[in-house]
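Trainee: Next comes the structure file protein.cif, holding mmCIF, C-alpha atoms and all ligand atoms.
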```cif
data_start
loop_
_atom_site.label_atom_id
_atom_site.label_comp_id
_atom_site.auth_asym_id
_atom_site.auth_seq_id
_atom_site.Cartn_x
_atom_site.Cartn_y
_atom_site.Cartn_z
CA MET A 29 13.58 -60.96 9.95
CA GLU A 30 14.91 -61.40 13.46
CA GLU A 31 15.42 -58.66 15.97
CA MET A 32 16.75 -58.47 19.43
CA GLY A 33 16.10 -54.89 20.49
CA GLY A 34 18.78 -52.22 20.47
CA GLN A 35 19.60 -52.04 24.15
CA VAL A 36 22.85 -52.94 25.81
CA SER A 37 22.27 -55.46 28.56
CA SER A 38 24.11 -55.52 31.86
CA LEU A 39 24.18 -59.28 31.30
CA ASP A 40 25.94 -60.40 28.11
CA GLY A 41 23.72 -62.15 25.60
CA VAL A 42 20.63 -61.76 27.71
CA HIS A 43 17.49 -60.38 26.10
CA VAL A 44 14.21 -61.07 27.88
CA VAL A 45 10.95 -61.01 25.94
CA ILE A 46 7.82 -60.39 28.00
CA VAL A 47 4.55 -61.35 26.32
CA GLY A 48 1.63 -59.40 27.83
CA GLY A 49 1.74 -56.03 29.57
CA GLY A 50 -0.76 -56.60 32.37
CA PHE A 51 0.06 -56.39 36.07
CA GLY A 52 2.65 -59.17 35.76
CA GLY A 53 4.18 -57.81 32.56
CA ILE A 54 4.70 -54.22 33.71
CA ALA A 55 6.17 -55.41 37.02
CA ALA A 56 8.64 -57.66 35.19
CA ALA A 57 9.52 -54.92 32.70
CA GLN A 58 10.08 -52.35 35.41
CA GLN A 59 12.36 -54.70 37.35
CA LEU A 60 14.38 -55.59 34.27
CA LYS A 61 14.65 -51.90 33.43
CA SER A 62 15.96 -51.03 36.86
CA ARG A 63 18.52 -53.86 36.68
CA GLN A 64 19.52 -52.68 33.20
CA ILE A 65 18.75 -56.06 31.70
CA SER A 66 17.79 -55.81 28.03
CA PHE A 67 14.12 -56.66 27.33
CA THR A 68 11.20 -56.24 24.95
CA LEU A 69 7.69 -55.93 26.38
CA ILE A 70 5.00 -56.92 23.87
CA ASP A 71 1.29 -56.16 24.21
CA MET A 72 -1.46 -56.03 21.62
CA ARG A 73 -2.58 -52.63 22.94
CA ASP A 74 -0.69 -49.36 23.39
CA ALA A 75 -1.63 -48.85 27.05
CA PHE A 76 -1.63 -50.89 30.25
CA HIS A 77 -5.17 -51.50 31.48
CA HIS A 78 -5.62 -51.24 35.24
CA ASN A 79 -8.62 -53.57 35.18
CA VAL A 80 -8.86 -53.56 38.99
CA ALA A 81 -10.33 -50.06 38.53
CA ALA A 82 -12.32 -50.91 35.39
CA LEU A 83 -15.65 -51.18 37.21
CA ARG A 84 -15.33 -47.64 38.62
CA ALA A 85 -14.49 -46.44 35.10
CA ALA A 86 -17.76 -48.05 33.99
CA VAL A 87 -19.87 -46.03 36.45
CA LYS A 88 -18.04 -42.77 37.14
CA PRO A 89 -17.81 -40.12 34.41
CA GLY A 90 -14.26 -38.91 33.76
CA PHE A 91 -12.59 -41.81 35.56
CA ALA A 92 -11.58 -44.03 32.62
CA GLN A 93 -8.52 -42.06 31.55
CA ARG A 94 -6.91 -42.92 34.85
CA THR A 95 -7.28 -46.64 34.16
CA PHE A 96 -5.11 -46.80 30.99
CA ILE A 97 -1.38 -45.99 31.14
CA PRO A 98 0.55 -45.71 27.84
CA TYR A 99 3.48 -48.14 27.64
CA ALA A 100 5.78 -46.25 25.29
CA GLU A 101 6.24 -43.30 27.66
CA THR A 102 7.64 -45.64 30.29
CA PHE A 103 9.47 -48.25 28.28
CA GLY A 104 10.37 -46.37 25.05
CA ASP A 105 11.82 -48.65 22.39
CA SER A 106 11.68 -51.61 24.76
CA PHE A 107 7.91 -51.66 24.17
CA LEU A 108 6.50 -53.25 21.05
CA GLN A 109 2.82 -53.26 20.14
CA GLY A 110 1.63 -56.46 18.47
CA ARG A 111 -0.25 -59.68 18.94
CA VAL A 112 1.92 -62.71 19.63
CA GLU A 113 0.69 -65.72 17.69
CA ARG A 114 3.23 -68.36 18.64
CA VAL A 115 6.59 -69.12 20.16
CA ASP A 116 9.32 -71.06 18.38
CA THR A 117 11.15 -72.66 21.28
CA GLU A 118 13.84 -74.23 19.05
CA ARG A 119 14.87 -70.90 17.52
CA GLN A 120 14.00 -68.97 20.69
CA THR A 121 11.80 -66.52 18.85
CA VAL A 122 8.39 -65.04 19.48
CA VAL A 123 6.30 -64.69 16.32
CA LEU A 124 3.90 -61.78 15.97
CA GLN A 125 0.83 -61.42 13.77
CA GLY A 126 2.19 -60.32 10.38
CA GLY A 127 5.30 -62.48 10.74
CA ARG A 128 7.69 -60.25 12.70
CA GLU A 129 9.99 -62.28 14.95
CA ILE A 130 11.73 -61.28 18.15
CA VAL A 131 14.60 -63.37 19.52
CA TYR A 132 14.81 -64.11 23.23
CA SER A 133 17.35 -65.61 25.56
CA HIS A 134 14.66 -65.76 28.26
CA LEU A 135 10.90 -65.57 27.89
CA ILE A 136 8.27 -64.42 30.39
CA LEU A 137 4.72 -65.35 29.40
CA CYS A 138 2.07 -63.28 31.14
CA THR A 139 -0.91 -63.11 28.81
CA GLY A 140 -3.47 -63.07 31.64
CA THR A 141 -7.18 -63.72 31.32
CA ASP A 142 -9.93 -62.50 29.08
CA GLY A 143 -13.35 -61.73 30.48
CA ALA A 144 -16.51 -59.78 29.83
CA PHE A 145 -16.51 -56.00 29.42
CA PRO A 146 -16.52 -53.79 31.51
CA GLY A 147 -14.44 -55.82 34.01
CA LYS A 148 -11.96 -56.63 31.25
CA PHE A 149 -11.11 -54.83 28.03
CA ASN A 150 -9.31 -57.21 25.74
CA THR A 151 -10.06 -55.54 22.45
CA VAL A 152 -7.22 -54.18 20.35
CA ALA A 153 -7.89 -50.45 20.49
CA SER A 154 -5.93 -47.24 20.91
CA TYR A 155 -5.78 -45.49 24.28
CA GLN A 156 -8.36 -42.92 23.09
CA THR A 157 -10.79 -45.55 21.81
CA ALA A 158 -10.43 -47.60 24.98
CA VAL A 159 -11.21 -44.59 27.19
CA GLN A 160 -14.12 -43.62 24.91
CA THR A 161 -15.59 -47.13 25.19
CA TYR A 162 -15.87 -46.69 28.97
CA LYS A 163 -17.26 -43.15 28.57
CA ASP A 164 -19.95 -44.50 26.23
CA PHE A 165 -20.78 -47.24 28.69
CA VAL A 166 -21.28 -44.71 31.51
CA LYS A 167 -23.91 -43.02 29.30
CA GLN A 168 -25.72 -46.33 28.78
CA LEU A 169 -25.72 -46.89 32.53
CA GLN A 170 -26.98 -43.38 33.26
CA ALA A 171 -29.90 -43.93 30.86
CA ALA A 172 -31.02 -47.13 32.65
CA ALA A 173 -33.49 -47.05 35.52
CA SER A 174 -32.75 -50.66 36.38
CA VAL A 175 -29.67 -52.85 35.96
CA LEU A 176 -29.17 -56.60 36.14
CA VAL A 177 -25.68 -57.81 37.03
CA VAL A 178 -25.15 -61.46 36.03
CA GLY A 179 -22.61 -63.38 38.13
CA GLY A 180 -21.96 -62.98 41.83
CA GLY A 181 -18.24 -63.73 41.97
CA SER A 182 -16.02 -60.94 43.24
CA THR A 183 -16.35 -58.95 39.99
CA GLY A 184 -20.17 -59.08 39.98
CA VAL A 185 -20.34 -58.16 43.67
CA GLU A 186 -18.03 -55.17 43.13
CA MET A 187 -19.98 -54.15 40.00
CA ALA A 188 -23.34 -54.15 41.80
CA ALA A 189 -21.86 -52.18 44.70
CA GLU A 190 -20.23 -49.60 42.38
CA ILE A 191 -23.52 -48.96 40.54
CA LYS A 192 -25.67 -48.70 43.66
CA THR A 193 -23.12 -46.40 45.37
CA GLU A 194 -22.83 -44.02 42.41
CA TYR A 195 -26.54 -44.19 41.50
CA PRO A 196 -28.55 -45.02 44.65
CA ASP A 197 -31.87 -44.43 42.87
CA LYS A 198 -31.34 -47.14 40.28
CA LYS A 199 -32.77 -50.59 40.87
CA VAL A 200 -29.84 -53.02 40.91
CA VAL A 201 -30.38 -56.79 40.89
CA LEU A 202 -27.52 -59.29 41.18
CA VAL A 203 -28.26 -62.80 39.94
CA HIS A 204 -25.89 -65.62 40.89
CA SER A 205 -26.07 -69.33 40.13
CA ARG A 206 -24.81 -70.27 43.60
CA ILE A 207 -25.90 -69.29 47.09
CA GLY A 208 -22.51 -68.02 48.29
CA LEU A 209 -21.21 -64.76 46.81
CA CYS A 210 -17.58 -63.85 45.91
CA ASP A 211 -14.57 -66.14 45.50
CA PRO A 212 -14.84 -69.42 47.41
CA GLU A 213 -11.23 -68.92 48.63
CA LEU A 214 -12.37 -66.01 50.81
CA LEU A 215 -13.23 -66.54 54.48
CA PRO A 216 -16.96 -67.32 54.95
CA SER A 217 -17.20 -64.27 57.24
CA VAL A 218 -15.87 -61.99 54.46
CA ARG A 219 -18.32 -63.46 51.93
CA GLN A 220 -21.16 -62.94 54.40
CA GLU A 221 -20.08 -59.35 55.03
CA ALA A 222 -20.05 -58.65 51.29
CA LYS A 223 -23.63 -59.86 51.13
CA GLU A 224 -24.65 -57.64 54.05
CA VAL A 225 -23.01 -54.58 52.50
CA LEU A 226 -24.84 -55.18 49.22
CA LEU A 227 -28.18 -55.58 50.98
CA GLY A 228 -27.43 -52.49 53.10
CA LYS A 229 -26.89 -50.46 49.94
CA GLY A 230 -30.21 -51.73 48.53
CA VAL A 231 -28.96 -54.25 45.94
CA GLU A 232 -31.52 -57.02 45.37
CA LEU A 233 -30.07 -60.53 45.34
CA LEU A 234 -31.32 -63.50 43.30
CA LEU A 235 -29.17 -66.35 44.59
CA GLY A 236 -29.10 -69.96 43.40
CA GLN A 237 -30.65 -68.91 40.09
CA LYS A 238 -29.40 -68.84 36.51
CA VAL A 239 -30.59 -66.63 33.66
CA SER A 240 -31.88 -68.95 30.94
CA ASN A 241 -32.18 -66.56 27.98
CA LEU A 242 -28.88 -64.63 28.32
CA SER A 243 -27.69 -65.51 24.80
CA GLN A 244 -30.78 -63.85 23.32
CA LEU A 245 -30.31 -60.61 25.24
CA GLN A 246 -28.10 -57.68 24.33
CA LEU A 247 -25.46 -56.89 26.95
CA ASN A 248 -24.17 -53.44 27.95
CA VAL A 249 -26.79 -51.51 25.94
CA THR A 250 -29.76 -49.84 27.59
CA GLN A 251 -33.16 -50.94 26.25
CA LYS A 252 -36.21 -50.31 28.35
CA ASN A 253 -37.85 -53.31 29.99
CA MET A 254 -35.95 -56.28 28.60
CA VAL A 255 -37.50 -59.51 29.85
CA VAL A 256 -35.08 -61.85 31.58
CA THR A 257 -36.13 -65.37 32.55
CA THR A 258 -34.45 -67.66 35.06
CA GLU A 259 -34.13 -71.44 34.84
CA ARG A 260 -36.78 -71.68 37.56
CA GLY A 261 -39.18 -69.89 35.25
CA ASP A 262 -39.23 -66.54 37.08
CA LYS A 263 -39.39 -63.40 34.96
CA LEU A 264 -37.97 -59.97 35.64
CA THR A 265 -37.55 -56.82 33.57
CA THR A 266 -34.47 -54.67 33.37
CA ASP A 267 -33.06 -51.84 31.21
CA LEU A 268 -29.41 -52.91 31.18
CA ILE A 269 -27.67 -56.26 31.55
CA ILE A 270 -24.01 -56.50 32.58
CA CYS A 271 -22.23 -59.84 32.51
CA CYS A 272 -19.60 -60.54 35.16
CA THR A 273 -19.11 -64.27 34.76
CA GLY A 274 -15.79 -66.11 34.82
CA GLY A 275 -12.66 -65.26 32.89
CA LYS A 276 -10.76 -67.43 30.42
CA VAL A 277 -6.96 -67.79 30.32
CA ASN A 278 -5.45 -66.12 27.20
CA ALA A 279 -3.49 -69.09 25.85
CA ALA A 280 -3.48 -68.17 22.13
CA ALA A 281 0.09 -66.84 22.19
CA TYR A 282 1.63 -70.04 23.51
CA ALA A 283 -0.87 -72.92 23.25
CA SER A 284 0.58 -74.47 20.07
CA SER A 285 4.18 -74.31 21.26
CA PHE A 286 3.62 -75.46 24.83
CA SER A 287 0.79 -77.94 24.29
CA GLY A 288 2.48 -80.46 26.60
CA CYS A 289 2.56 -78.01 29.51
CA LEU A 290 -1.05 -76.84 29.63
CA ALA A 291 -3.45 -77.29 32.52
CA ALA A 292 -7.14 -77.90 31.73
CA ASP A 293 -7.91 -74.16 31.73
CA GLY A 294 -5.04 -73.35 29.35
CA ALA A 295 -2.67 -72.03 32.05
CA LEU A 296 0.99 -73.09 31.92
CA LYS A 297 2.27 -75.69 34.35
CA VAL A 298 5.25 -74.31 36.25
CA ASN A 299 7.71 -75.49 38.90
CA ASP A 300 8.46 -73.59 42.16
CA HIS A 301 10.84 -71.30 40.27
CA LEU A 302 7.97 -70.41 37.90
CA GLN A 303 9.78 -72.08 34.99
CA VAL A 304 7.39 -73.66 32.51
CA ASP A 305 7.65 -77.47 32.69
CA GLY A 306 10.67 -78.61 30.71
CA PHE A 307 11.97 -75.12 29.80
CA SER A 308 14.63 -73.56 32.04
CA ASN A 309 14.53 -70.21 30.18
CA VAL A 310 10.74 -69.81 29.91
CA PHE A 311 8.72 -68.44 32.84
CA ALA A 312 4.97 -68.02 33.35
CA VAL A 313 3.67 -65.20 35.53
CA GLY A 314 0.22 -64.02 36.65
CA ASP A 315 -3.13 -65.43 35.61
CA CYS A 316 -1.65 -67.68 32.89
CA ALA A 317 0.54 -69.56 35.40
CA ASP A 318 -1.07 -72.70 36.79
CA ILE A 319 -0.68 -72.07 40.53
CA LYS A 320 -3.19 -73.14 43.14
CA GLU A 321 -4.21 -69.70 44.40
CA PRO A 322 -6.77 -67.07 43.38
CA LYS A 323 -5.86 -65.23 40.18
CA LEU A 324 -4.89 -61.77 41.41
CA ALA A 325 -2.93 -58.75 40.20
CA TYR A 326 -1.22 -58.84 43.59
CA HIS A 327 0.05 -62.36 42.89
CA ALA A 328 1.10 -61.43 39.33
CA GLY A 329 3.43 -58.81 40.81
CA LEU A 330 4.94 -61.33 43.23
CA HIS A 331 5.44 -63.86 40.41
CA ALA A 332 7.17 -61.23 38.25
CA ALA A 333 9.73 -60.55 40.98
CA VAL A 334 10.53 -64.27 41.27
CA ALA A 335 10.85 -64.72 37.49
CA VAL A 336 13.15 -61.70 37.05
CA ASN A 337 15.25 -62.78 40.03
CA ASN A 338 15.59 -66.26 38.61
CA ILE A 339 16.61 -65.01 35.17
CA SER A 340 19.33 -62.95 36.81
CA ASN A 341 20.34 -65.78 39.17
CA SER A 342 20.47 -68.41 36.45
CA VAL A 343 22.73 -66.27 34.27
CA ARG A 344 25.03 -65.58 37.22
CA GLY A 345 25.07 -69.24 38.23
CA LYS A 346 23.33 -68.55 41.53
CA GLU A 347 20.66 -70.67 43.20
CA LEU A 348 17.09 -69.99 42.00
CA THR A 349 14.43 -68.57 44.33
CA SER A 350 11.08 -70.29 44.85
CA TYR A 351 7.57 -68.90 44.85
CA HIS A 352 5.33 -69.97 47.70
CA THR A 353 1.66 -69.18 47.96
CA GLY A 354 0.74 -67.51 51.24
CA ASN A 355 -2.63 -67.27 52.97
CA VAL A 356 -5.25 -65.54 50.85
CA SER A 357 -5.18 -61.73 50.73
CA MET A 358 -8.06 -60.19 48.80
CA LEU A 359 -9.77 -56.82 49.07
CA LEU A 360 -13.17 -56.07 47.53
CA ALA A 361 -14.18 -52.47 46.86
CA MET A 362 -17.86 -52.10 47.65
CA GLY A 363 -18.17 -48.71 45.95
CA HIS A 364 -15.77 -45.88 46.78
CA ASP A 365 -16.93 -45.65 50.40
CA ASP A 366 -16.90 -49.23 51.67
CA GLY A 367 -15.06 -52.51 51.32
CA VAL A 368 -14.59 -56.01 52.65
CA GLY A 369 -11.62 -58.32 52.61
CA GLN A 370 -8.83 -60.18 54.28
CA PHE A 371 -5.08 -59.90 54.51
CA ASN A 372 -2.89 -62.97 54.95
CA GLY A 373 -5.97 -64.98 55.92
CA LEU A 374 -7.24 -62.49 58.51
CA LYS A 375 -10.47 -60.53 58.06
CA LEU A 376 -9.98 -56.78 57.87
CA PRO A 377 -12.30 -54.07 59.25
CA ARG A 378 -14.41 -52.46 56.50
CA PHE A 379 -12.96 -48.97 56.96
CA VAL A 380 -9.43 -50.32 56.44
CA VAL A 381 -10.41 -51.83 53.09
CA ALA A 382 -12.30 -48.67 52.14
CA LEU A 383 -9.23 -46.53 52.87
CA GLY A 384 -6.64 -48.94 51.49
CA LYS A 385 -8.41 -49.99 48.34
CA SER A 386 -11.87 -48.62 47.59
CA ARG A 387 -11.08 -44.90 47.54
CA ASP A 388 -8.50 -45.07 44.76
CA LEU A 389 -8.44 -48.76 43.75
CA LEU A 390 -4.64 -48.79 44.02
CA LEU A 391 -4.32 -46.74 40.84
CA TRP A 392 -1.53 -44.71 42.42
CA LYS A 393 0.57 -47.87 42.66
CA SER A 394 0.51 -48.58 38.94
CA TRP A 395 1.07 -44.94 37.94
CA ARG A 396 4.07 -44.91 40.27
CA GLU A 397 5.33 -48.21 38.89
CA MET A 398 5.00 -46.78 35.36
CA GLN A 399 6.75 -43.58 36.53
CA GLN A 400 4.06 -41.37 35.02
CA ARG A 401 1.77 -38.71 36.45
CA GLN A 402 -1.93 -39.48 36.69
CA PRO A 403 -4.08 -37.26 34.45
C1 LIG B 501 -13.06 -56.39 37.60
C2 LIG B 501 -11.84 -57.03 38.18
C3 LIG B 501 -11.37 -56.59 39.41
C4 LIG B 501 -10.22 -57.15 39.96
N1 LIG B 501 -9.77 -56.69 41.17
C5 LIG B 501 -8.61 -57.18 41.67
C6 LIG B 501 -8.08 -56.67 42.88
O1 LIG B 501 -8.68 -55.81 43.51
N2 LIG B 501 -6.89 -57.12 43.32
C7 LIG B 501 -6.18 -58.07 42.64
O2 LIG B 501 -5.09 -58.44 43.10
N3 LIG B 501 -6.67 -58.60 41.49
C8 LIG B 501 -7.86 -58.18 40.99
N4 LIG B 501 -8.36 -58.70 39.81
C9 LIG B 501 -7.61 -59.76 39.11
C10 LIG B 501 -6.50 -59.14 38.26
O3 LIG B 501 -7.03 -58.18 37.39
C11 LIG B 501 -5.74 -60.19 37.47
O4 LIG B 501 -5.32 -61.21 38.33
C12 LIG B 501 -4.54 -59.55 36.78
O5 LIG B 501 -4.97 -58.65 35.80
C13 LIG B 501 -3.60 -60.59 36.19
O6 LIG B 501 -2.50 -59.95 35.64
P1 LIG B 501 -1.74 -60.58 34.42
O7 LIG B 501 -0.54 -59.73 34.21
O8 LIG B 501 -1.56 -62.03 34.62
O9 LIG B 501 -2.73 -60.47 33.17
P2 LIG B 501 -3.66 -59.32 32.59
O10 LIG B 501 -3.76 -58.17 33.51
O11 LIG B 501 -4.90 -60.01 32.14
O12 LIG B 501 -2.84 -58.81 31.32
C14 LIG B 501 -2.55 -59.62 30.23
C15 LIG B 501 -2.02 -58.75 29.09
O13 LIG B 501 -1.59 -59.59 28.05
C16 LIG B 501 -1.97 -59.05 26.81
N5 LIG B 501 -2.05 -60.16 25.86
C17 LIG B 501 -2.79 -61.29 25.97
N6 LIG B 501 -2.58 -62.10 24.92
C18 LIG B 501 -1.68 -61.45 24.13
C19 LIG B 501 -1.07 -61.78 22.88
N7 LIG B 501 -1.34 -62.93 22.25
N8 LIG B 501 -0.21 -60.90 22.33
C20 LIG B 501 0.06 -59.72 22.96
N9 LIG B 501 -0.49 -59.38 24.14
C21 LIG B 501 -1.33 -60.23 24.72
C22 LIG B 501 -3.30 -58.36 27.08
O14 LIG B 501 -3.54 -57.33 26.14
C23 LIG B 501 -3.09 -57.82 28.50
O15 LIG B 501 -2.61 -56.49 28.50
C24 LIG B 501 -9.53 -58.18 39.26
C25 LIG B 501 -10.03 -58.64 38.03
C26 LIG B 501 -11.17 -58.09 37.50
C27 LIG B 501 -11.70 -58.60 36.17
#
```
Once more with this new file: its structure as structure tokens, please.

Mentor:
Amino acid sequence: MEEMGGQVSSLDGVHVVIVGGGFGGIAAAQQLKSRQISFTLIDMRDAFHHNVAALRAAVKPGFAQRTFIPYAETFGDSFLQGRVERVDTERQTVVLQGGREIVYSHLILCTGTDGAFPGKFNTVASYQTAVQTYKDFVKQLQAAASVLVVGGGSTGVEMAAEIKTEYPDKKVVLVHSRIGLCDPELLPSVRQEAKEVLLGKGVELLLGQKVSNLSQLQLNVTQKNMVVTTERGDKLTTDLIICCTGGKVNAAAYASSFSGCLAADGALKVNDHLQVDGFSNVFAVGDCADIKEPKLAYHAGLHAAVAVNNISNSVRGKELTSYHTGNVSMLLAMGHDDGVGQFNGLKLPRFVVALGKSRDLLLWKSWREMQQRQP
């Protein structure tokens, strides 16, 4: 069975299918909606996950319901819940688990990255179950006297800061395989400041060390005095272990159909117009686009604007716009009251980051984009 969605498009014969309703997907859908271009947004879950705020939802009781935003209320029948298993580029159809097929004239792939809970939540679950999972995790955290955060990239740094800010009496240790914390793309002065803020809050740092028995330890569940060993042979005990190590590109939806266009990490190779190599009507947006820049929600939104513009331009016979990476902008919330970061390559004062990002984690922006009221 083939479907195309019931909407009338302002552009004849155009029906855009968006695979993945993360930051890139909702931005693309919203822009298509406002241009009255017919589209179907497909996600395996029923609610957008604002994973930028996921770490706060993991520490602060009552916060999680603000981090999931139901799709159907915003996009109505243009939203379809399902897991995309493959794309048939000859027939221009997207094939869902169970066999349902959706026809596209243009395709935007934005399946993002998968990573460890609580930073990411890539399980298929209803809105209620998803919120409950974070509520349950807060209880585990509250029961722990000591916490070990594994991985000192930006997610691990933010996680350690969130815990120590909300629960100053807990012992928090951050173990990182390298000496430098946070993303390597950040200015050295920003990375250094993040380290100072963590130490100032009382987080203990174990740098240049790797946990050697992680696979034998249970994550995200509080058990008194678990023994963790490092590759150097040091031992420490902790009640709760949270993993914040690297994400993996979600390529399952498109890997078989676009095997010739994949980078080593599974991201899709694109040209300046964000068209997937060799396909003028297929675009990649967000974390699953192979672009030499940090993988950020902020970038996913910028990509979405370029892709939607180029779909509209190509149909109207206009010149396509190009995406250019700017200097790195990245803000790290160090708990709700502090932050470090840079904008367009320039280091920002901590209070600016705290006000601009850490207080609310930019939740307001996504609720506004989804045209819904925050609970
Ligand atoms: C803890 C944490 C904090 C972060 N903080 C920031 C920050 O402060 N600022 C910032 O700019 N970035 C931040 N990031 C990075 C940011 O979250 C990502 O860059 C962003 O989510 C990428 O958006 P996306 O649309 O590409 O993919 P995602 O947000 O990963 O969304 C992908 C969507 O695709 C769906 N999907 C995947 N496969 C399928 C399939 N086969 N079928 C159907 N649906 C599918 C998923 O369910 C998901 O909803 C943070 C990341 C983490 C983990």

Trainee: Pick the closest to A:Asp365 from A:Gly288, A:Glu190, A:Ser340, A:Gln125: which is it, counting all atoms listed in the file?

Mentor: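 Closest to A:Asp365 of all the choices is A:Glu190.
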
Trainee: Report as a list in words all protein, DNA and RNA residues lying within 12 Å of A:Thr157, evaluated on all atoms listed in the file, omitting residues in the same chain fewer than 3 positions from it.

Mentor: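 Using all atoms listed in the file, the neighbours found are Arg73, Asp74, Ala75, Ala92, Gln93, Phe96, Phe149, Thr151, Val152, Ala153, Ser154, Gln160, Thr161, Tyr162, Lys163 and Asp164 of chain A.
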
Trainee: Hey, which bits of chain A sit within 6 Å of ligand LIG 501 (chain B), and for each residue what's the closest pair of atoms and how far apart in Å (one decimal), counting only C-alpha atoms and all ligand atoms, rows by chain and increasing number, as CSV?

Mentor:
```
residue,atom,partner,partner_atom,distance
A:Val47,CA,B:LIG501,N9,5.8
A:Gly48,CA,B:LIG501,O13,3.2
A:Gly49,CA,B:LIG501,O15,4.5
A:Gly50,CA,B:LIG501,O12,3.2
A:Phe51,CA,B:LIG501,O7,3.9
A:Gly52,CA,B:LIG501,O7,3.6
A:Gly53,CA,B:LIG501,O7,5.4
A:Ile70,CA,B:LIG501,C20,5.8
A:Asp71,CA,B:LIG501,N9,3.7
A:Met72,CA,B:LIG501,C20,4.2
A:Arg73,CA,B:LIG501,O14,5.8
A:Phe76,CA,B:LIG501,O15,5.9
A:Asn79,CA,B:LIG501,O3,5.4
A:Val80,CA,B:LIG501,N1,3.9
A:Ala82,CA,B:LIG501,C1,6.0
A:Leu83,CA,B:LIG501,C1,5.8
A:Gly110,CA,B:LIG501,C20,5.8
A:Arg111,CA,B:LIG501,N8,3.6
A:Val112,CA,B:LIG501,N8,3.9
A:Glu113,CA,B:LIG501,N7,5.7
A:Cys138,CA,B:LIG501,O8,5.2
A:Thr139,CA,B:LIG501,O13,3.7
A:Gly140,CA,B:LIG501,O9,3.1
A:Thr141,CA,B:LIG501,O11,4.4
A:Gly147,CA,B:LIG501,C1,3.9
A:Lys148,CA,B:LIG501,C27,5.3
A:Asn150,CA,B:LIG501,O14,5.8
A:Thr183,CA,B:LIG501,C1,4.8
A:Asn278,CA,B:LIG501,N6,5.4
A:Ala280,CA,B:LIG501,N7,5.7
A:Ala281,CA,B:LIG501,N7,4.2
A:Gly314,CA,B:LIG501,O8,3.4
A:Asp315,CA,B:LIG501,O8,3.9
A:Cys316,CA,B:LIG501,O8,5.9
A:Lys323,CA,B:LIG501,O4,4.5
A:Leu324,CA,B:LIG501,O4,3.2
A:Ala325,CA,B:LIG501,O2,3.6
A:Tyr326,CA,B:LIG501,O2,3.9
A:Ala328,CA,B:LIG501,O6,5.4
A:Leu359,CA,B:LIG501,O1,5.8
```

Trainee: Give me, as a tab-separated table, the closest atom pair and its distance (Å, one decimal) for every residue of stretch 264-302 of chain A within a cut-off of 12 Å of stretch 219-239 of chain A, counting all atoms listed in the file, rows sorted by chain and rising number.

Mentor:
```
residue	atom	partner	partner_atom	distance
A:Leu264	CA	A:Val239	CA	10.1
A:Ile269	CA	A:Val239	CA	11.0
A:Cys271	CA	A:Val239	CA	10.8
A:Thr273	CA	A:Lys238	CA	11.4
```

Trainee: Which residue gives the smallest distance to A:Leu391 among A:Ser240, A:Thr95, A:Gln170, A:Asn338, with all atoms listed in the file counted?

Mentor: A:Thr95

Trainee: One number please: atom CA of A:Ala173 to atom CA of A:Lys198, in Å, one decimal.

Mentor: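 Calculated distance between atom CA of A:Ala173 and atom CA of A:Lys198 is 5.2 Å.
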
Trainee: For a quick check of your reading of the model, name the residues lying within 8 Å of the coordinate (-34.7, -56.3, 28.9), counting only C-alpha atoms, and write them as a list in words.

Mentor: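 With a cut-off of 8 Å, the residues come to Leu245, Gln251, Lys252, Asn253, Met254, Val255, Val256, Thr265, Thr266, Asp267, Leu268 and Ile269 of chain A.
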
Trainee: May I have the protein, DNA and RNA residues with any atom at most 7 Å from the point (-18.6, -50.0, 45.3), counting all atoms listed in the file, written as a VMD selection string?

Mentor: chain A and resid 186 to 187 189 to 191 193 361 to 366

Trainee: For A:Leu383, which residue among A:Gly329, A:Gly367, A:Pro146, A:Gly179 is the nearest when counting all atoms listed in the file?

Mentor: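 Checking each of A:Gly329, A:Gly367, A:Pro146, A:Gly179 against A:Leu383, counting all atoms listed in the file, the winner is A:Gly367.
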
Trainee: Quick check, in Å to one decimal: how far apart do atom CA of A:Phe145 and atom CA of A:Ser174 lie?

Mentor: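 Atom-to-atom, atom CA of A:Phe145 to atom CA of A:Ser174, that is 18.5 Å.
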
Trainee: Could you jot down the atom CA of A:Phe107 to atom CA of A:Ser284 separation for me, Å, one decimal place?

Mentor: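 According to the coordinates, atom CA of A:Phe107 and atom CA of A:Ser284 are separated by 24.3 Å.
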
Trainee: Kindly indicate which residue among A:Val42, A:Cys210, A:Ala57, A:Val131 lies nearest to A:Gly104, using only C-alpha atoms for the distances.

Mentor: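 Among the listed residues, the smallest separation from A:Gly104 belongs to A:Ala57.
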
Trainee: Set the distance at 12 Å and use only C-alpha atoms: which residues neighbour A:Arg401 once local chain neighbours fewer than 3 positions away are removed? I'd like the list as an MDAnalysis selection string.

Mentor: chainID A and resid 93:94 96:98 101:102 391:398

Trainee: With only C-alpha atoms as the basis for distance, which of A:Lys385, A:Gly184, A:Val368, A:Ala85 is at the shortest distance from A:Val200?

Mentor: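 With only C-alpha atoms as the atom set, the closest residue is A:Gly184.
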
Trainee: For A:Lys192, which residue out of A:Val310, A:Asp318, A:Phe103, A:Leu176 is the nearest one, using all atoms listed in the file?

Mentor: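 The shortest atom-to-atom distance to A:Lys192 comes from A:Leu176.
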
Trainee: Would you give the centre and edge lengths, in Å to one decimal, of a box along x, y and z around the listed atoms of stretch 208-214 of chain A, with 6 Å added to each side, as lines of an AutoDock Vina configuration file?

Mentor:
```
center_x = -16.9
center_y = -66.6
center_z = 48.2
size_x = 23.3
size_y = 17.6
size_z = 17.3
```
